[in-house]
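Visitor: Have a look at this one before I ask anything.
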Amino acid sequence: MTNEDLLSKLKTIIEPYVQNQEGLQNLSENTNFIDDLEINSANLVDVILDVEDEFGIEIDNDGMDKMLTVKASIEVIQDKLASK
Amino acid sequence: MTKEQIIKKLPYEAPFLFVDEITAVDEDKITGNYSLKTDEYFYKGHFKDHPITPGVILTEIMAQIGLVCLGIFLCDDGVNSQIARVAMSSTSVDFFKTVLPGEKVKVKSEKEYFRFNKLKCKVSMYNDDDKLVAKGVIAGMVANLD
């Protein structure tokens with residue numbers, strides 16, 4: 001899966017949890033879920049669970065800790081997809 | 001961990017402790033109850049001359065039994081020094097019946113998931129006639145503090 005495809009899917013997943021719509025419009029790989037999109041830590045868990053369902057992967061605690069930005073999330077997801 | 005030990009670990013006290021008894025608990029679900037006293041502090045103002053238990057208090061009872069008590073049970077690793085802390089992160093509750101001063105309510109909670117410290121439960125409340133009082137989904141972040 002290309003990073004562009006992955007980003008598009010990720011954007012759909014995070015959209016319901018985003019409080020800062022401006023942050024979503026300006027989504028880039030440097031976007032931070034908590035600082036830029038104002039997703040709270042409880043909803044960040046829902047993002048991770050939705051990512052697991054969408055991509056058929058399992059995220060562990062280390063992966064969860066890393067997935068705070070778009071860039072880091074794409075890296076974790078690509079990594080898990082590659083080892084499937 | 002026994003049902004009594006769970007209640008002892010709760011971080012609340014009067015007038016904001018809303019758990020009398022845990023009647024059953026396992027990894028997936030918990031049940032418990034609370035009897036509303038006729039002189040609970042909130043009846044004075046809710047409503048004027050017409051005391052009815054506020055929905056926020058019913059929600060709190062559901063959260064203390066269904067989320068916090070279950071969270072304490074799930075976090076128990078046999079080490080006594082650790083205390084589970086629970087911060088409620090979301091609630092969505094529908095109400096079906098009023099609860100008057102002196103009534104006993106029973107709470108049933110089923111774990112939807114407990115992952116990455118987030119506990120999400122389907123929680124329902126019944127009165128002493130086993131009629132549905134309230135039902136919803138409550139979630140919170142649960143963590144052990146030393």
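Letters A, B, ... mark the chains of the structure tokens in the order given; residue numbers begin at 1 per chain; ligand numbers begin at 1, in order shown.
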Using DSSP secondary structure from the backbone, list all strand (DSSP E) positions within segment 3-145 of chain B, as a PyMOL selection string.

Guide: chain B and resi 21-25+29-35+83-95+104-115+118-126+132-145

Visitor: Show me, as a PyMOL selection string, every residue of chain B with an atom at most 12 Å from chain A, counting only C-alpha atoms.

Guide: chain B and resi 86-91+113-120+138-142

Visitor: Output C-alpha atoms of each residue in that selection to a file, as a JSON list (two decimals), in the first residue's frame.

Guide:
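Final output, result25.json:
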[["chain", "number", "residue", "atom", "x", "y", "z"],
["B", 86, "VAL", "CA", -9.82, 6.00, 36.82],
["B", 87, "ALA", "CA", -10.55, 9.16, 34.84],
["B", 88, "MET", "CA", -13.89, 9.11, 33.06],
["B", 89, "SER", "CA", -13.47, 10.04, 29.41],
["B", 90, "SER", "CA", -16.94, 9.67, 27.92],
["B", 91, "THR", "CA", -20.53, 8.87, 28.81],
["B", 113, "TYR", "CA", -12.88, -3.63, 25.75],
["B", 114, "PHE", "CA", -9.95, -2.86, 28.02],
["B", 115, "ARG", "CA", -6.94, -1.93, 25.92],
["B", 116, "PHE", "CA", -4.13, 0.62, 26.16],
["B", 117, "ASN", "CA", -5.50, 1.60, 29.61],
["B", 118, "LYS", "CA", -8.93, 2.48, 28.22],
["B", 119, "LEU", "CA", -11.88, 0.64, 29.71],
["B", 120, "LYS", "CA", -15.16, 0.90, 27.83],
["B", 138, "ILE", "CA", -19.23, 4.73, 29.82],
["B", 139, "ALA", "CA", -15.49, 4.82, 29.23],
["B", 140, "GLY", "CA", -12.43, 5.93, 31.14],
["B", 141, "MET", "CA", -8.68, 5.74, 31.35],
["B", 142, "VAL", "CA", -7.48, 3.36, 34.05]]

Visitor: Using only C-alpha atoms for the distances, tell me which of A:Met67, A:Lys84, A:Val51, A:Ile57 is nearest to Leu6 of chain A.

Guide: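 Result for the nearest residue to Leu6 of chain A: A:Val51.
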
Visitor: Which neighbours of segment 11-28 of chain A fall inside 6 Å, counting only C-alpha atoms, when residues of the same chain fewer than 5 positions from it are skipped, and could you give them as number ranges by chain?

Guide: A: 36-39

Visitor: Set the distance at 10 Å and use only C-alpha atoms: which residues neighbour Lys97 of chain B once local chain neighbours fewer than 5 positions away are removed? I'd like the list as a list in words.

Guide: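 The residues that qualify are Met125, Tyr126, Asn127, Lys131, Leu132, Val133 and Ala134 of chain B.
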
Visitor: Pull all heavy atoms from the residues just selected and write them as a PDB file, in the first residue's frame.

Guide:
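Saved as part26.pdb:
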ATOM      1  N   MET B 125     -28.836   0.222  34.453  1.00  0.00           N
ATOM      2  CA  MET B 125     -29.286   0.368  35.835  1.00  0.00           C
ATOM      3  C   MET B 125     -30.751  -0.062  35.937  1.00  0.00           C
ATOM      4  O   MET B 125     -31.560   0.265  35.062  1.00  0.00           O
ATOM      5  CB  MET B 125     -29.129   1.825  36.271  1.00  0.00           C
ATOM      6  CG  MET B 125     -29.699   2.134  37.646  1.00  0.00           C
ATOM      7  SD  MET B 125     -29.505   3.883  38.055  1.00  0.00           S
ATOM      8  CE  MET B 125     -27.859   3.884  38.757  1.00  0.00           C
ATOM      9  N   TYR B 126     -31.061  -0.791  37.019  1.00  0.00           N
ATOM     10  CA  TYR B 126     -32.428  -1.268  37.240  1.00  0.00           C
ATOM     11  C   TYR B 126     -32.882  -0.850  38.629  1.00  0.00           C
ATOM     12  O   TYR B 126     -32.067  -0.735  39.543  1.00  0.00           O
ATOM     13  CB  TYR B 126     -32.477  -2.800  37.137  1.00  0.00           C
ATOM     14  CG  TYR B 126     -32.057  -3.306  35.790  1.00  0.00           C
ATOM     15  CD1 TYR B 126     -30.707  -3.510  35.492  1.00  0.00           C
ATOM     16  CD2 TYR B 126     -33.002  -3.555  34.794  1.00  0.00           C
ATOM     17  CE1 TYR B 126     -30.307  -3.948  34.242  1.00  0.00           C
ATOM     18  CE2 TYR B 126     -32.613  -4.003  33.544  1.00  0.00           C
ATOM     19  CZ  TYR B 126     -31.260  -4.198  33.271  1.00  0.00           C
ATOM     20  OH  TYR B 126     -30.869  -4.622  32.020  1.00  0.00           O
ATOM     21  N   ASN B 127     -34.215  -0.655  38.815  1.00  0.00           N
ATOM     22  CA  ASN B 127     -34.721  -0.363  40.158  1.00  0.00           C
ATOM     23  C   ASN B 127     -35.053  -1.669  40.870  1.00  0.00           C
ATOM     24  O   ASN B 127     -34.798  -2.764  40.357  1.00  0.00           O
ATOM     25  CB  ASN B 127     -35.907   0.612  40.104  1.00  0.00           C
ATOM     26  CG  ASN B 127     -37.109   0.031  39.372  1.00  0.00           C
ATOM     27  OD1 ASN B 127     -37.211  -1.186  39.205  1.00  0.00           O
ATOM     28  ND2 ASN B 127     -38.005   0.898  38.946  1.00  0.00           N
ATOM     29  N   LYS B 131     -37.007  -2.977  36.839  1.00  0.00           N
ATOM     30  CA  LYS B 131     -37.336  -2.190  35.642  1.00  0.00           C
ATOM     31  C   LYS B 131     -36.127  -1.342  35.246  1.00  0.00           C
ATOM     32  O   LYS B 131     -35.430  -0.790  36.108  1.00  0.00           O
ATOM     33  CB  LYS B 131     -38.523  -1.250  35.936  1.00  0.00           C
ATOM     34  CG  LYS B 131     -39.818  -1.997  36.263  1.00  0.00           C
ATOM     35  CD  LYS B 131     -40.560  -2.375  35.001  1.00  0.00           C
ATOM     36  CE  LYS B 131     -41.962  -2.860  35.314  1.00  0.00           C
ATOM     37  NZ  LYS B 131     -42.115  -4.310  35.049  1.00  0.00           N
ATOM     38  N   LEU B 132     -35.920  -1.243  33.933  1.00  0.00           N
ATOM     39  CA  LEU B 132     -34.775  -0.478  33.429  1.00  0.00           C
ATOM     40  C   LEU B 132     -34.904   1.007  33.782  1.00  0.00           C
ATOM     41  O   LEU B 132     -35.910   1.645  33.479  1.00  0.00           O
ATOM     42  CB  LEU B 132     -34.675  -0.637  31.906  1.00  0.00           C
ATOM     43  CG  LEU B 132     -33.465  -0.006  31.225  1.00  0.00           C
ATOM     44  CD1 LEU B 132     -32.180  -0.715  31.633  1.00  0.00           C
ATOM     45  CD2 LEU B 132     -33.627  -0.034  29.715  1.00  0.00           C
ATOM     46  N   VAL B 133     -33.884   1.534  34.428  1.00  0.00           N
ATOM     47  CA  VAL B 133     -33.853   2.949  34.832  1.00  0.00           C
ATOM     48  C   VAL B 133     -32.984   3.759  33.872  1.00  0.00           C
ATOM     49  O   VAL B 133     -33.352   4.858  33.458  1.00  0.00           O
ATOM     50  CB  VAL B 133     -33.295   3.086  36.274  1.00  0.00           C
ATOM     51  CG1 VAL B 133     -32.955   4.535  36.591  1.00  0.00           C
ATOM     52  CG2 VAL B 133     -34.281   2.534  37.293  1.00  0.00           C
ATOM     53  N   ALA B 134     -31.846   3.204  33.508  1.00  0.00           N
ATOM     54  CA  ALA B 134     -30.909   3.918  32.635  1.00  0.00           C
ATOM     55  C   ALA B 134     -29.997   2.919  31.947  1.00  0.00           C
ATOM     56  O   ALA B 134     -29.765   1.819  32.452  1.00  0.00           O
ATOM     57  CB  ALA B 134     -30.082   4.905  33.442  1.00  0.00           C
TER      58      ALA B 134
END

Visitor: Take atom CA of Ala84 of chain B and atom CA of Gly136 of chain B and report the distance between them in Å, one decimal.

Guide: 23.1 Å

Visitor: Glu4 of chain A: which residues within 12 Å, counting only C-alpha atoms, same-chain residues fewer than 2 positions away excluded, as a list in words?

Guide: Met1, Thr2, Leu6, Leu7, Ser8, Lys9, Leu10, Lys11, Ser28, Glu29, Val70, Lys71, Ile74 and Gln78 of chain A

Visitor: Using only C-alpha atoms for the distances, tell me which of B:Leu58, B:Leu70, B:Leu36, B:Ala63 is nearest to Gly102 of chain B.

Guide: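 Looking at the shortest contact to Gly102 of chain B, the residue is B:Leu36.
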
Visitor: Could you check the closest approach to Thr38 of chain B for each of B:Leu10, B:Arg85, B:Lys3, B:Ile52 and tell me which residue wins, using only C-alpha atoms?

Guide: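 Distance minimum relative to Thr38 of chain B lands on B:Ile52.
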
Visitor: Please list as a PyMOL selection string every residue within 8 Å of Cys121 of chain B, counting only C-alpha atoms and excluding residues in the same chain fewer than 5 positions away.

Guide: chain B and resi 66-67+109-113+137-139

Visitor: Please identify which residues in chain A DSSP calls alpha helix (DSSP H) from the backbone, and express them as a compact mmCIF listing (two decimals) with C-alpha atoms, in the first residue's frame.

Guide:
# COMPACT_ATOMS: atom_id res chain seq x y z
CA ASN A 3 1.77 6.08 1.79
CA GLU A 4 -0.85 8.19 -0.02
CA ASP A 5 -3.45 5.40 0.14
CA LEU A 6 -2.59 4.83 3.76
CA LEU A 7 -2.85 8.53 4.61
CA SER A 8 -6.27 8.73 2.99
CA LYS A 9 -7.52 5.76 5.03
CA LEU A 10 -5.98 7.17 8.20
CA LYS A 11 -7.69 10.51 7.62
CA THR A 12 -11.09 8.80 7.37
CA ILE A 13 -10.41 6.94 10.63
CA ILE A 14 -9.35 9.98 12.65
CA GLN A 21 -11.16 20.98 11.99
CA GLU A 22 -8.51 23.45 10.83
CA GLY A 23 -5.86 20.94 11.84
CA LEU A 24 -7.60 18.30 9.73
CA GLN A 25 -7.72 20.58 6.68
CA SER A 41 -5.97 10.20 24.90
CA ALA A 42 -9.13 8.09 25.29
CA ASN A 43 -10.14 8.71 21.67
CA LEU A 44 -6.58 8.05 20.56
CA VAL A 45 -7.16 4.48 21.79
CA ASP A 46 -10.24 4.32 19.53
CA VAL A 47 -8.13 5.53 16.58
CA ILE A 48 -5.66 2.69 17.24
CA LEU A 49 -8.47 0.09 17.51
CA ASP A 50 -10.02 1.38 14.26
CA VAL A 51 -6.60 1.20 12.57
CA GLU A 52 -6.31 -2.45 13.68
CA ASP A 53 -9.71 -3.27 12.16
CA GLU A 54 -9.12 -1.34 8.94
CA PHE A 55 -5.69 -2.82 8.19
CA ASN A 61 2.03 -0.98 23.44
CA ASP A 62 5.27 0.16 21.77
CA GLY A 63 3.40 0.91 18.55
CA MET A 64 0.70 2.78 20.46
CA ASP A 65 3.32 4.91 22.24
CA LYS A 66 4.87 5.88 18.89
CA VAL A 70 0.73 11.07 11.12
CA LYS A 71 4.30 10.23 10.05
CA ALA A 72 4.95 7.89 12.97
CA SER A 73 1.55 6.21 12.47
CA ILE A 74 2.22 5.54 8.79
CA GLU A 75 5.61 4.04 9.72
CA VAL A 76 4.08 1.76 12.38
CA ILE A 77 1.25 0.65 10.06
CA GLN A 78 3.62 -0.01 7.09
CA ASP A 79 5.89 -1.96 9.45
CA LYS A 80 3.04 -4.14 10.70
CA LEU A 81 1.67 -4.65 7.16
CA ALA A 82 5.12 -5.75 5.96
